[in-house]
Each structure stands twice: as C-alpha cells, then as structure tokens.
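See below for protein.txt, which holds compact mmCIF, C-alpha atoms.
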```
# COMPACT_ATOMS: atom_id res chain seq x y z
CA MET A 1 10.42 58.75 13.29
CA ILE A 2 7.26 60.76 12.82
CA ASP A 3 6.74 63.46 15.45
CA TYR A 4 3.40 65.08 14.59
CA SER A 5 0.76 66.47 16.91
CA LEU A 6 -2.56 64.65 17.07
CA GLY A 7 -4.27 67.67 15.56
CA ARG A 8 -2.03 67.52 12.51
CA ILE A 9 -2.44 63.75 12.16
CA ALA A 10 -6.23 64.12 12.25
CA GLU A 11 -6.03 66.83 9.59
CA VAL A 12 -3.73 64.83 7.31
CA THR A 13 -5.75 61.61 7.56
CA GLY A 14 -9.18 63.23 7.48
CA GLY A 15 -9.90 61.74 10.89
CA ARG A 16 -11.98 62.99 13.82
CA LEU A 17 -9.97 63.65 16.95
CA ILE A 18 -11.33 62.83 20.38
CA GLY A 19 -8.80 64.31 22.79
CA ASP A 20 -5.99 66.85 22.98
CA PRO A 21 -4.81 68.15 19.57
CA ASP A 22 -1.51 69.42 21.04
CA VAL A 23 -0.27 66.00 22.18
CA VAL A 24 2.80 65.05 20.11
CA ILE A 25 3.55 61.42 19.33
CA ASN A 26 6.93 59.92 18.47
CA GLY A 27 6.59 57.05 16.05
CA ILE A 28 3.79 54.63 15.34
CA GLU A 29 3.42 50.95 16.18
CA LEU A 30 0.89 48.25 15.32
CA ASP A 31 2.22 45.51 17.63
CA SER A 32 0.67 45.94 21.08
CA ARG A 33 3.61 44.05 22.59
CA LYS A 34 6.16 46.54 21.23
CA VAL A 35 4.34 49.85 21.56
CA TYR A 36 5.83 52.64 23.68
CA ASN A 37 3.64 55.10 25.56
CA ASP A 38 4.61 58.04 23.32
CA ASN A 39 3.82 56.07 20.12
CA LEU A 40 0.61 56.31 18.15
CA PHE A 41 -0.92 52.83 18.18
CA VAL A 42 -2.34 51.48 14.92
CA PRO A 43 -4.99 48.81 15.59
CA ILE A 44 -5.17 46.51 12.58
CA LYS A 45 -8.03 44.05 12.25
CA GLY A 46 -6.53 40.76 11.08
CA GLU A 47 -7.94 37.32 10.41
CA ARG A 48 -7.29 36.09 13.95
CA VAL A 49 -6.55 39.17 16.05
CA ASP A 50 -8.12 42.63 16.15
CA GLY A 51 -5.79 45.34 17.43
CA HIS A 52 -8.76 47.33 18.72
CA ASP A 53 -9.12 44.75 21.50
CA PHE A 54 -5.86 45.96 23.06
CA VAL A 55 -6.40 49.72 22.98
CA LYS A 56 -8.21 50.03 26.32
CA GLY A 57 -5.45 48.15 28.15
CA LEU A 58 -2.75 50.18 26.43
CA PHE A 59 -4.41 53.43 27.54
CA GLU A 60 -4.58 52.10 31.10
CA ASN A 61 -0.83 51.46 30.92
CA GLY A 62 -0.03 55.00 29.75
CA LEU A 63 -0.39 55.02 25.95
CA LYS A 64 -0.74 58.59 24.61
CA ALA A 65 -2.92 58.00 21.55
CA SER A 66 -4.38 55.51 19.09
CA PHE A 67 -6.10 55.36 15.74
CA TRP A 68 -9.61 53.87 15.87
CA GLN A 69 -11.60 52.51 12.92
CA ALA A 70 -15.11 53.97 12.75
CA ASP A 71 -16.85 50.62 12.33
CA HIS A 72 -15.85 49.70 15.89
CA SER A 73 -18.18 51.06 18.58
CA GLU A 74 -17.65 51.55 22.33
CA TYR A 75 -14.68 53.89 22.20
CA PRO A 76 -12.22 53.50 25.09
CA GLU A 77 -11.19 56.57 27.11
CA GLY A 78 -8.09 58.23 25.67
CA ASN A 79 -6.82 60.28 22.75
CA LEU A 80 -8.38 58.71 19.66
CA ILE A 81 -8.26 59.58 15.97
CA ILE A 82 -11.37 58.08 14.37
CA VAL A 83 -10.88 57.13 10.70
CA ASP A 84 -12.91 55.14 8.19
CA ASP A 85 -9.98 52.86 7.35
CA VAL A 86 -6.85 52.53 9.50
CA VAL A 87 -4.66 51.17 6.67
CA ALA A 88 -5.69 54.02 4.35
CA ALA A 89 -4.99 56.48 7.18
CA ILE A 90 -1.39 55.38 7.70
CA SER A 91 -0.85 55.54 3.92
CA LYS A 92 -1.99 59.19 3.88
CA LEU A 93 0.14 59.93 6.92
CA ALA A 94 3.22 58.29 5.37
CA ARG A 95 2.78 60.21 2.11
CA ASN A 96 2.63 63.49 4.03
CA TYR A 97 5.65 62.64 6.19
CA ARG A 98 7.62 61.58 3.12
CA ASP A 99 7.25 65.17 1.85
CA ASP A 100 8.48 66.49 5.20
CA ILE A 101 11.80 64.65 5.26
CA ASN A 102 14.76 65.47 3.05
CA ALA A 103 16.01 61.93 2.48
CA LYS A 104 16.42 60.49 -0.98
CA ILE A 105 14.28 57.38 -1.33
CA ILE A 106 15.27 54.27 -3.28
CA GLY A 107 12.38 51.93 -4.12
CA VAL A 108 13.27 48.26 -4.65
CA THR A 109 11.01 45.72 -6.35
CA GLY A 110 11.21 42.47 -8.33
CA SER A 111 9.97 38.88 -8.20
CA SER A 112 12.90 37.68 -6.09
CA GLY A 113 16.01 39.18 -4.55
CA LYS A 114 14.24 42.31 -3.25
CA THR A 115 15.16 41.87 0.39
CA SER A 116 18.79 40.86 -0.23
CA THR A 117 19.21 43.75 -2.67
CA LYS A 118 17.68 46.20 -0.22
CA ASP A 119 20.03 45.00 2.51
CA MET A 120 23.10 45.38 0.29
CA ILE A 121 22.19 48.83 -0.99
CA ALA A 122 21.54 50.07 2.55
CA SER A 123 24.82 48.63 3.81
CA VAL A 124 26.87 50.33 1.09
CA LEU A 125 25.03 53.65 1.45
CA SER A 126 25.60 53.56 5.23
CA VAL A 127 29.34 53.93 4.71
CA ARG A 128 28.83 57.61 3.81
CA TYR A 129 25.20 58.43 4.61
CA LYS A 130 22.72 57.98 7.44
CA THR A 131 20.48 55.35 5.90
CA HIS A 132 17.19 53.75 6.89
CA LYS A 133 15.83 50.57 5.32
CA THR A 134 12.76 48.36 5.36
CA MET A 135 12.97 45.95 8.28
CA GLY A 136 12.68 42.32 7.19
CA ASN A 137 10.38 42.18 4.21
CA GLN A 138 7.66 44.59 5.35
CA ASN A 139 6.96 45.54 1.76
CA ASN A 140 3.17 45.68 1.39
CA GLU A 141 0.41 48.29 1.88
CA ILE A 142 1.08 48.26 5.63
CA GLY A 143 4.84 47.67 5.71
CA VAL A 144 5.72 50.41 3.22
CA PRO A 145 3.99 53.22 5.20
CA LEU A 146 5.49 51.91 8.45
CA THR A 147 8.96 52.03 6.90
CA LEU A 148 8.58 55.67 5.90
CA LEU A 149 7.00 56.68 9.23
CA SER A 150 9.91 55.12 11.13
CA MET A 151 12.49 57.26 9.30
CA ASP A 152 14.28 60.00 11.23
CA ARG A 153 14.29 63.56 9.98
CA ASP A 154 18.08 63.51 9.63
CA ASP A 155 18.15 60.32 7.54
CA GLN A 156 19.84 61.00 4.20
CA PHE A 157 18.67 57.88 2.36
CA GLY A 158 15.78 55.47 2.71
CA VAL A 159 15.80 52.07 0.99
CA VAL A 160 12.19 50.90 0.72
CA GLU A 161 11.24 47.41 -0.42
CA MET A 162 8.03 47.44 -2.46
CA GLY A 163 6.32 44.09 -3.04
CA ILE A 164 3.16 43.35 -4.98
CA SER A 165 1.16 40.14 -5.37
CA ASP A 166 -1.77 41.32 -7.50
CA LEU A 167 -2.67 43.70 -10.28
CA ASN A 168 -2.76 47.46 -9.67
CA GLU A 169 -0.93 47.33 -6.33
CA MET A 170 2.27 49.10 -7.37
CA GLU A 171 0.89 52.54 -8.24
CA PRO A 172 -0.64 53.12 -4.77
CA LEU A 173 2.73 52.21 -3.22
CA VAL A 174 4.52 54.60 -5.59
CA GLU A 175 2.05 57.32 -4.61
CA ILE A 176 3.17 56.87 -0.99
CA VAL A 177 6.91 56.40 -1.56
CA HIS A 178 7.49 58.65 -4.58
CA PRO A 179 10.99 57.16 -5.05
CA ASP A 180 13.91 59.27 -6.24
CA TYR A 181 15.59 56.14 -7.61
CA THR A 182 14.24 52.69 -8.42
CA VAL A 183 15.75 49.20 -8.54
CA ILE A 184 14.12 46.22 -10.28
CA THR A 185 15.86 42.97 -9.39
CA ASN A 186 14.54 39.91 -11.16
CA ILE A 187 11.43 38.62 -12.91
CA SER A 188 10.01 35.13 -12.42
CA PRO A 189 6.56 33.52 -12.16
CA ALA A 190 5.99 34.51 -8.51
CA HIS A 191 2.31 35.15 -7.63
CA ILE A 192 1.42 34.21 -11.20
CA LEU A 193 -1.93 32.95 -9.90
CA LYS A 194 -3.01 36.61 -9.87
CA PHE A 195 -0.87 38.02 -12.68
CA LYS A 196 -1.67 35.21 -15.17
CA THR A 197 1.40 35.81 -17.39
CA ILE A 198 5.04 36.67 -16.80
CA ASP A 199 4.71 39.63 -19.20
CA THR A 200 2.06 41.07 -16.90
CA ILE A 201 4.49 40.68 -14.01
CA VAL A 202 7.08 42.71 -15.96
CA GLU A 203 4.53 45.43 -16.69
CA GLN A 204 3.29 45.63 -13.10
CA LYS A 205 6.79 45.68 -11.55
CA CYS A 206 7.89 48.42 -13.94
CA GLN A 207 5.06 50.61 -12.67
CA ILE A 208 7.53 51.51 -9.91
CA ASN A 209 8.83 54.03 -12.48
CA CYS A 210 5.47 55.73 -13.03
CA GLN A 211 6.47 58.85 -11.04
CA LEU A 212 10.25 58.67 -11.43
CA GLY A 213 10.64 62.08 -13.06
CA ASN A 214 14.32 63.07 -12.97
CA GLY A 215 15.32 59.93 -11.09
CA ILE A 216 17.21 56.90 -12.38
CA CYS A 217 16.06 53.30 -12.73
CA PHE A 218 18.61 50.56 -12.03
CA PHE A 219 17.72 47.06 -13.24
CA ALA A 220 19.04 43.52 -13.63
CA ASN A 221 20.05 43.26 -17.27
CA GLU A 222 19.33 39.53 -17.70
CA ALA A 223 15.90 39.66 -16.07
CA TYR A 224 13.12 38.58 -18.41
CA GLY A 225 11.48 41.47 -20.27
CA LEU A 226 12.91 44.34 -18.21
CA LYS A 227 15.26 45.80 -20.80
CA LYS A 228 12.54 46.02 -23.45
CA HIS A 229 9.76 47.29 -21.20
CA ILE A 230 11.87 49.90 -19.39
CA SER A 231 13.08 51.28 -22.73
CA SER A 232 9.43 51.74 -23.73
CA GLN A 233 8.74 53.89 -20.66
CA ASN A 234 10.71 56.82 -22.13
CA LEU A 235 12.27 57.76 -18.79
CA THR A 236 13.89 61.18 -18.47
CA ASN A 237 17.29 59.75 -17.54
CA LYS A 238 18.99 56.73 -19.10
CA PRO A 239 18.35 53.58 -17.03
CA VAL A 240 21.41 51.77 -15.65
CA SER A 241 21.68 48.01 -16.12
CA TYR A 242 23.87 45.54 -14.26
CA GLY A 243 24.68 41.85 -14.68
CA TYR A 244 26.77 39.31 -16.61
CA ASP A 245 25.67 40.27 -20.13
CA GLU A 246 28.14 42.05 -22.38
CA ASP A 247 25.84 45.04 -22.85
CA ALA A 248 25.25 45.69 -19.12
CA ASP A 249 26.33 49.15 -17.92
CA ILE A 250 27.87 47.56 -14.81
CA ARG A 251 29.17 44.24 -16.16
CA ILE A 252 30.29 41.33 -14.01
CA ILE A 253 33.53 40.18 -15.64
CA SER A 254 34.37 37.21 -13.42
CA SER A 255 33.05 35.49 -10.30
CA ARG A 256 34.08 32.59 -8.10
CA PHE A 257 33.63 31.03 -4.68
CA GLY A 258 35.90 32.59 -2.06
CA GLU A 259 36.87 31.46 1.42
CA GLU A 260 33.93 33.23 3.07
CA GLY A 261 31.48 33.88 0.24
CA MET A 262 31.82 35.11 -3.33
CA GLU A 263 34.55 37.05 -5.13
CA PHE A 264 33.97 38.99 -8.35
CA THR A 265 35.17 41.77 -10.64
CA VAL A 266 33.11 44.38 -12.47
CA SER A 267 33.72 46.66 -15.43
CA ALA A 268 33.29 49.89 -13.48
CA TYR A 269 36.08 49.34 -10.92
CA GLU A 270 39.52 47.76 -10.79
CA GLY A 271 40.29 44.94 -8.39
CA MET A 272 38.29 42.16 -6.79
CA PHE A 273 35.17 42.66 -4.67
CA LYS A 274 34.35 40.21 -1.90
CA LEU A 275 30.80 39.42 -0.83
CA PRO A 276 30.21 37.52 2.44
CA ILE A 277 27.12 35.84 0.96
CA LEU A 278 26.70 32.77 -1.21
CA GLY A 279 25.35 32.65 -4.74
CA ARG A 280 26.01 33.87 -8.27
CA HIS A 281 22.63 35.62 -8.19
CA GLN A 282 23.70 37.50 -5.05
CA ILE A 283 26.58 39.00 -7.02
CA ILE A 284 24.00 40.38 -9.44
CA ASN A 285 22.06 41.82 -6.49
CA ALA A 286 25.26 43.35 -5.11
CA CYS A 287 25.84 45.08 -8.44
CA SER A 288 22.73 47.19 -7.87
CA ALA A 289 24.47 48.62 -4.81
CA ILE A 290 27.67 49.12 -6.80
CA ALA A 291 25.77 50.92 -9.57
CA ILE A 292 24.13 53.30 -7.10
CA ALA A 293 27.43 53.85 -5.27
CA ARG A 294 29.15 54.67 -8.57
CA MET A 295 26.50 57.29 -9.30
CA LEU A 296 27.26 58.84 -5.89
CA GLY A 297 31.04 58.89 -6.49
CA TYR A 298 32.09 56.02 -4.22
CA ASN A 299 35.54 54.51 -4.56
CA ALA A 300 36.10 50.75 -4.51
CA GLU A 301 37.33 50.79 -0.92
CA ASP A 302 34.13 52.35 0.41
CA ILE A 303 32.00 49.91 -1.60
CA GLN A 304 33.94 46.97 -0.19
CA LYS A 305 33.53 48.34 3.33
CA GLY A 306 29.77 48.38 2.79
CA LEU A 307 29.70 44.87 1.33
CA ASP A 308 31.73 43.59 4.28
CA GLU A 309 29.01 44.77 6.65
CA VAL A 310 26.03 43.28 4.81
CA LYS A 311 23.64 41.51 7.17
CA LEU A 312 20.88 39.73 5.30
CA THR A 313 17.40 39.11 6.63
CA PRO A 314 17.30 35.59 8.20
CA HIS A 315 16.47 32.43 6.19
CA ARG A 316 17.94 33.76 2.95
CA LEU A 317 20.94 31.62 1.99
CA GLN A 318 21.95 31.68 5.64
CA LEU A 319 24.81 29.32 6.54
CA ARG A 320 24.49 27.21 9.68
CA ILE A 321 26.65 24.39 11.04
CA ILE A 322 24.77 21.52 12.66
CA LYS A 323 26.55 18.34 13.76
CA ASP A 324 29.51 19.34 11.56
CA SER A 325 27.23 19.52 8.51
CA THR A 326 26.91 22.74 6.50
CA ILE A 327 23.29 23.84 6.26
CA ILE A 328 22.13 26.40 3.68
CA ASP A 329 18.92 27.89 5.08
CA ASP A 330 17.00 29.45 2.18
CA THR A 331 13.56 28.77 3.62
CA TYR A 332 11.91 32.17 3.63
CA ASN A 333 10.42 31.90 0.17
CA SER A 334 10.69 30.06 -3.12
CA ASN A 335 9.77 30.56 -6.75
CA PRO A 336 11.17 29.04 -9.96
CA GLY A 337 13.86 31.71 -10.32
CA SER A 338 15.16 31.65 -6.76
CA LEU A 339 14.96 27.84 -6.54
CA THR A 340 17.00 27.42 -9.72
CA ALA A 341 19.58 29.89 -8.41
CA ALA A 342 19.84 28.07 -5.06
CA LEU A 343 20.28 24.68 -6.76
CA GLU A 344 22.94 26.11 -9.08
CA LEU A 345 24.72 27.40 -5.99
CA LEU A 346 24.64 23.93 -4.42
CA SER A 347 25.96 22.42 -7.67
CA GLU A 348 28.94 24.77 -7.66
CA TYR A 349 30.27 23.48 -4.34
CA ASP A 350 33.40 21.37 -4.50
CA GLU A 351 32.95 17.69 -5.35
CA SER A 352 34.44 16.72 -1.98
CA PHE A 353 31.07 17.62 -0.42
CA GLU A 354 28.13 15.24 -0.33
CA LYS A 355 25.35 17.54 -1.52
CA THR A 356 21.71 17.19 -0.54
CA ALA A 357 18.77 19.25 -1.80
CA VAL A 358 15.72 19.33 0.50
CA LEU A 359 12.93 21.00 -1.46
CA GLY A 360 9.35 21.93 -0.63
CA ASP A 361 6.50 23.44 -2.61
CA MET A 362 6.64 26.79 -4.37
CA LEU A 363 3.29 28.37 -3.55
CA GLU A 364 0.96 30.72 -5.47
CA LEU A 365 2.00 29.61 -8.95
CA GLY A 366 -1.54 29.17 -10.24
CA ASP A 367 -2.58 26.95 -13.12
CA GLU A 368 1.03 26.51 -14.23
CA SER A 369 2.17 25.17 -10.86
CA ASP A 370 2.45 21.51 -11.93
CA LYS A 371 4.50 22.42 -14.97
CA LEU A 372 6.71 24.93 -13.13
CA HIS A 373 7.59 22.41 -10.42
CA SER A 374 8.28 19.66 -12.94
CA SER A 375 10.42 21.92 -15.16
CA ILE A 376 13.05 22.47 -12.45
CA ALA A 377 14.45 19.06 -13.49
CA ASP A 378 15.16 20.49 -16.96
CA LYS A 379 16.97 23.54 -15.60
CA VAL A 380 19.29 21.90 -13.06
CA ASP A 381 21.27 18.64 -13.27
CA PHE A 382 20.13 16.77 -10.16
CA ARG A 383 22.78 14.13 -10.77
CA ASN A 384 25.18 16.58 -9.11
CA PHE A 385 23.51 15.85 -5.78
CA LYS A 386 24.07 12.85 -3.55
CA ASN A 387 20.47 13.14 -2.28
CA THR A 388 17.31 14.91 -3.42
CA PHE A 389 14.55 14.93 -0.79
CA LEU A 390 11.15 16.31 -1.84
CA PHE A 391 8.12 17.25 0.26
CA GLY A 392 4.73 18.80 -0.49
CA GLU A 393 1.85 18.13 -2.89
CA GLU A 394 3.33 20.23 -5.70
CA MET A 395 6.82 18.72 -5.40
CA LYS A 396 5.29 15.39 -6.42
CA ASN A 397 5.47 16.79 -9.98
CA LEU A 398 9.24 17.22 -9.74
CA HIS A 399 9.54 13.77 -8.18
CA ASP A 400 7.66 12.17 -11.08
CA HIS A 401 9.73 14.00 -13.71
CA LEU A 402 13.01 13.02 -12.04
CA ASP A 403 11.83 9.40 -11.95
CA GLU A 404 11.08 9.59 -15.69
CA MET A 405 14.63 10.86 -16.26
CA GLY A 406 16.08 8.01 -14.19
CA ILE A 407 17.46 10.36 -11.53
CA GLU A 408 17.28 9.06 -7.97
CA ASN A 409 15.22 11.07 -5.50
CA ARG A 410 13.00 10.49 -2.47
CA TYR A 411 9.51 11.87 -1.98
CA TYR A 412 8.08 12.24 1.53
CA TYR A 413 4.52 12.39 2.80
CA ASP A 414 5.63 12.67 6.43
CA ARG A 415 7.84 15.45 7.82
CA ASN A 416 9.10 13.28 10.66
CA GLU A 417 10.30 10.63 8.20
CA LEU A 418 12.13 13.35 6.30
CA VAL A 419 13.88 14.58 9.45
CA LYS A 420 14.75 11.01 10.41
CA ASP A 421 16.48 10.39 7.08
CA LEU A 422 18.26 13.75 7.21
CA LYS A 423 19.80 12.83 10.55
CA GLN A 424 21.26 9.70 8.95
CA ILE A 425 23.17 11.58 6.24
CA MET A 426 24.60 14.41 8.36
CA LYS A 427 28.40 14.30 8.66
CA ASP A 428 31.34 16.66 8.38
CA ASN A 429 31.53 16.69 4.58
CA SER A 430 27.80 17.02 3.92
CA ILE A 431 26.16 20.22 2.71
CA ILE A 432 22.37 20.42 2.78
CA LEU A 433 20.20 23.04 1.06
CA PHE A 434 16.71 23.69 2.45
CA LYS A 435 14.41 25.58 0.07
CA ALA A 436 10.62 26.05 0.09
CA SER A 437 7.96 28.72 0.27
CA ASN A 438 7.45 30.22 3.70
CA GLY A 439 4.10 28.50 4.18
CA LEU A 440 5.79 25.10 4.47
CA ARG A 441 7.83 26.26 7.51
CA PHE A 442 10.98 24.43 6.43
CA TYR A 443 12.94 26.43 8.99
CA ASP A 444 11.21 24.24 11.59
CA LEU A 445 12.90 21.21 10.00
CA ILE A 446 16.29 22.84 10.51
CA ASP A 447 15.44 23.63 14.12
CA GLN A 448 14.45 19.98 14.63
CA LEU A 449 17.87 18.90 13.36
CA GLU A 450 19.58 21.39 15.64
CA ASP A 451 17.58 20.20 18.65
```

Reformat the file's structure so that it appears as structure tokens.
Amino acid sequence: MIDYSLGRIAEVTGGRLIGDPDVVINGIELDSRKVYNDNLFVPIKGERVDGHDFVKGLFENGLKASFWQADHSEYPEGNLIIVDDVVAAISKLARNYRDDINAKIIGVTGSSGKTSTKDMIASVLSVRYKTHKTMGNQNNEIGVPLTLLSMDRDDQFGVVEMGISDLNEMEPLVEIVHPDYTVITNISPAHILKFKTIDTIVEQKCQINCQLGNGICFFANEAYGLKKHISSQNLTNKPVSYGYDEDADIRIISSRFGEEGMEFTVSAYEGMFKLPILGRHQIINACSAIAIARMLGYNAEDIQKGLDEVKLTPHRLQLRIIKDSTIIDDTYNSNPGSLTAALELLSEYDESFEKTAVLGDMLELGDESDKLHSSIADKVDFRNFKNTFLFGEEMKNLHDHLDEMGIENRYYYDRNELVKDLKQIMKDNSIILFKASNGLRFYDLIDQLED
C-alpha cells in the first residue's frame, strides 16, 4: 500500500499541507469505521453522509493525517492536506503511485462479467505471481484509485476492474491505471439510458485501449461489435480473442455441467478444465484468464490450480442450499445479457429438477426498457421452468408478453406475497434462480427464506 510522506502527497496532489511534512502514512481509507491510525483518511461527501464530520473524532483517537476539501471550513486540529476536490486528489495520487510500482496492470471492462472475470484472472495469476485485485466491484472514479493505492510495492500483477456508466468516463480511468494489458468481456445494453445506443457502448468500452501502446487486448469474440471496433483501433500488437466461435484465438471446443460446476476443453491446451462456477458464460470469462496465462507460459496444471481456487464476489451465481432447495443467488446486478445467460443456465439443469425463475427489474435501461424486458421472452423458452415469478414495475412488460404467448407466469405487487409463495414450492428437487438489479435488493428475499 502507498507509503508516502505528507509532504510528497501534498506536492503530488497540489494540496496545501497543515502539519508535519515528514509524517509517513501507510495506506488510505475512506471508511471511518475501518481506518487505522497510520492511514491517510479520505473524507468523501456523499448524499447522506459527509466524511468530514468524522475527521475530528478520528484525530482524537490517534489518526495521523487526513485530506480536507477546501469548501469545508473550521479545520480540526491535526495533519491536514487541503485540496479543492478530494476525489480528484486521490486520482492524482493513484496515478503517481502507479508509476512508482513495478507491477503489470491488467484493466478489465465490459457491460457484464467484469467482476467474475477479474476474480478468475487474479486467481490464475496468483499461482505464479503476487497479485492484487479490485475488491468487490469498486470500479469507478473512487474505487479504481483506491485499488491502485492499496497495492504493495512487491506486487507483480494488479487486476483492476474499470466500470463506466456514462460517456467520457473511460479515458480518465485509463489515465490513472495506464494498463499494460486490457480485457473486454461482454457488451449489452447496460446503462443505455446514458449511452443511448449499444454501438456507443462498444466505442466507450474500447476506450480502455486508448493508451495500450505495446500491450495486448484480450476480448470476448462473440460480444457485439468488439471484433470490428478493436480491429479499427490499429493496436500495436494483435488482439487475442476467446470464445465459442470457430475464429476465436482461444476457442472453447466443448462444455458441459460437471459434478461441482462446469467442465470444458479449449483449443490451446489438451485435456479438460474444471471450473467450480455455474454457467456457459462463465466458461467464456474463464477463457480470458486462460488466454493471459498462455501468454505468460502457463501449463494446463497451473491454470487448473488457479481455477480451482476461484472465489467470486458474493451474489454472482452463488449456490446456496435452503430447506433442501438449491438456490442460485445472482442478485447483484442484471441486464439483458446477464439475465439471458442466467436463464439459459437454469434451463440446462437436468429435467429431474423443478425449476423456478424469480426475476426483478433490470434498471437504467432508458427509453428501451419496456422493450428490453419484454424481449427476454423471445430469447429464452420459459416453458422449461415449472414457475416464473416476476416482480417490479418493468417486469410487468415481460409478464404481459408471456401471457400473450400463453406461457404461465405470476406477477407480484407485494414482496411478502412472493416470499409466501416461494416457501410453498421449496423442496429437495427444486432449484430457484433469483435475478434482479441490485436496487431491488433481491438478496433480502433469499435471506427471508433462510430465516
């Protein structure tokens, strides 16, 4: 983690130091509940909480130093670095620290699959290299700098998730991260309210390559528009594609459900790989790690060792057993691409299971939201499911389209009624998929069932 003196931090960020320039901090933290006394505290002003309100108390409890935004008066006593904008300051600091460390940085972006892909790449790299990765999905203008600033000087690789939800957000992140390698996972109409068209999403995601130089871009071959747009970027080194298509550089030859996840073969290695995670789309994500490992000279055994140790961020196709029922918790986020993939996964389970899909709204889809929700019925055969339970204003569109197609489903206005009906269908041969955008808090429904 960063270990600069306050004098150097003030110089790098263009801040004004009140205090001792020779004091050295070890790491930064923006959560007042987690900060250590030798950290540099970063007070962020949010919608409900202002971190500046905690600085005085932290100093009284032994905190060494804190940033302070200039528009806040009444400075508390302690080592302060006064800056015009705290978020801009940590971005400058992270960019400087990135130049100080010797690690190779892999930037990961895409509409969906970023976090799972990041977790898999980091797990495989960790077999041979000291590797740091983005915690959770801290992938925005605050999370990206924090990820870099938490890296150790002896880290050999950093895997940094880079998410955008609006135009012109990628280039500032690239300026901070300056990735040596890039990975673009998938393209779907996520955050299309801001991007307007899916082609704009492709263009904006591919901006991750704008400073790639002698690096290599790895990308999902089937993803909409990536192959064409990346080829137009005239990158120094040939991009590497992966996926099921015949022309992919790392081609998935076969895949199937295994006893504890997925099993698959690829063109670049002999033998079967095993992945302790569910989903055909997760095999594609795993191939990004295989492609990078192949570039670094890994053998199949080392790759498998890394895949065996993959630990995904919670609420992403996470298996849970409740009252002898199998629960698939995929409640962190949802968009048309990831929802279709999750429903295809549910369809592929053996017919001996009674399958139930519990679906909530996909948020931030803009003017096309009604159509995008409704169209899921045209992409997946809902007759494969014993039950389809729908909740949320936007899911009413899918409900209406399924009714038009004569496919049985239930639409709920009340969460408690939904939970009540779910309790009635739970038994030892039932498998239930929960999928919705994070704002609907579907993970609370699962907790209610568990309670």

Could you check which of A:Ala436, A:Leu212, A:Ile290, A:Val12 is closest to Met120 (chain A), using only C-alpha atoms? A:Ile290

Sorted by chain and rising residue number, which residues of region 148-205 of chain A lie within 10 Å of region 237-256 of chain A, and what are their closest atom pairs and distances in Å to one decimal, counting only C-alpha atoms, as a Markdown table?
```
| residue | atom | partner | partner_atom | distance |
| --- | --- | --- | --- | --- |
| A:Thr182 | CA | A:Pro239 | CA | 9.6 |
| A:Val183 | CA | A:Val240 | CA | 9.4 |
| A:Ile184 | CA | A:Ser241 | CA | 9.7 |
| A:Thr185 | CA | A:Tyr242 | CA | 9.7 |
```

The distance between CA of Ser188 (chain A) and CA of Lys435 (chain A) is 16.3 Å

Given only C-alpha atoms as the basis, pick out the residue of A:Thr147, A:Ser32, A:Ser5, A:Asn333 nearest to Lys56 (chain A).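 When distances to Lys56 (chain A) are compared using only C-alpha atoms, the smallest one comes from A:Ser32.
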
As lines of an AutoDock Vina configuration file, please: the centre and edge lengths in Å, to one decimal, of an axis-aligned box enclosing every listed atom of region 280-292 of chain A with 4 Å added on each side.
```
center_x = 24.9
center_y = 43.6
center_z = -7.2
size_x = 13.6
size_y = 27.4
size_z = 12.8
```

So how many Å separate CA of Arg98 (chain A) and CA of Gly51 (chain A), to one decimal?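 These atoms are spaced 25.5 Å apart.
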
Write out as a list in words each polymer residue whose atoms come within 7 Å of Met362 (chain A), counting only C-alpha atoms; drop sequence neighbours fewer than 5 positions from it. Ser334, Asn335, Ala436 and Ser437 of chain A

Across A:Ile431, A:Val177, A:Met170, A:Leu63, the smallest distance to Thr356 (chain A), with all atoms listed in the file counted, is shown by A:Ile431

Determine, counting all atoms listed in the file, which protein, DNA and RNA residues have an atom within 7 Å of an atom of Ser66 (chain A); residues of the same chain fewer than 6 positions away are not included. Present the result as a ChimeraX atom specification. /A:40-42,79-81

Could you model N, CA and C atoms for region 399-415 of chain A and present them as a short mmCIF file (atom, residue, chain, number, x, y, z; two decimals), in the coordinates of the input?
```
data_model
loop_
_atom_site.label_atom_id
_atom_site.label_comp_id
_atom_site.auth_asym_id
_atom_site.auth_seq_id
_atom_site.Cartn_x
_atom_site.Cartn_y
_atom_site.Cartn_z
N HIS A 399 9.19 15.17 -8.47
CA HIS A 399 9.54 13.77 -8.18
C HIS A 399 9.25 12.87 -9.38
N ASP A 400 8.06 13.01 -9.95
CA ASP A 400 7.66 12.17 -11.08
C ASP A 400 8.55 12.41 -12.30
N HIS A 401 8.89 13.68 -12.54
CA HIS A 401 9.73 14.00 -13.71
C HIS A 401 11.14 13.47 -13.53
N LEU A 402 11.67 13.57 -12.31
CA LEU A 402 13.01 13.02 -12.04
C LEU A 402 13.01 11.51 -12.21
N ASP A 403 11.94 10.85 -11.76
CA ASP A 403 11.83 9.40 -11.95
C ASP A 403 11.84 9.05 -13.44
N GLU A 404 11.11 9.82 -14.24
CA GLU A 404 11.08 9.59 -15.69
C GLU A 404 12.47 9.72 -16.31
N MET A 405 13.28 10.62 -15.75
CA MET A 405 14.63 10.86 -16.26
C MET A 405 15.64 9.87 -15.69
N GLY A 406 15.19 8.99 -14.79
CA GLY A 406 16.08 8.01 -14.19
C GLY A 406 17.01 8.58 -13.15
N ILE A 407 16.62 9.70 -12.54
CA ILE A 407 17.46 10.36 -11.53
C ILE A 407 16.88 10.05 -10.15
N GLU A 408 17.72 9.51 -9.29
CA GLU A 408 17.28 9.06 -7.97
C GLU A 408 16.83 10.25 -7.11
N ASN A 409 15.71 10.07 -6.43
CA ASN A 409 15.22 11.07 -5.50
C ASN A 409 14.25 10.39 -4.54
N ARG A 410 13.95 11.06 -3.44
CA ARG A 410 13.00 10.49 -2.47
C ARG A 410 11.89 11.52 -2.22
N TYR A 411 10.67 11.02 -2.26
CA TYR A 411 9.51 11.87 -1.98
C TYR A 411 8.90 11.47 -0.64
N TYR A 412 8.57 12.48 0.16
CA TYR A 412 8.08 12.24 1.53
C TYR A 412 6.67 12.78 1.70
N TYR A 413 5.85 11.96 2.38
CA TYR A 413 4.52 12.39 2.80
C TYR A 413 4.53 12.85 4.25
N ASP A 414 5.57 12.45 4.99
CA ASP A 414 5.63 12.67 6.43
C ASP A 414 6.88 13.46 6.78
N ARG A 415 6.70 14.59 7.46
CA ARG A 415 7.84 15.45 7.82
C ARG A 415 8.79 14.74 8.77
#
```
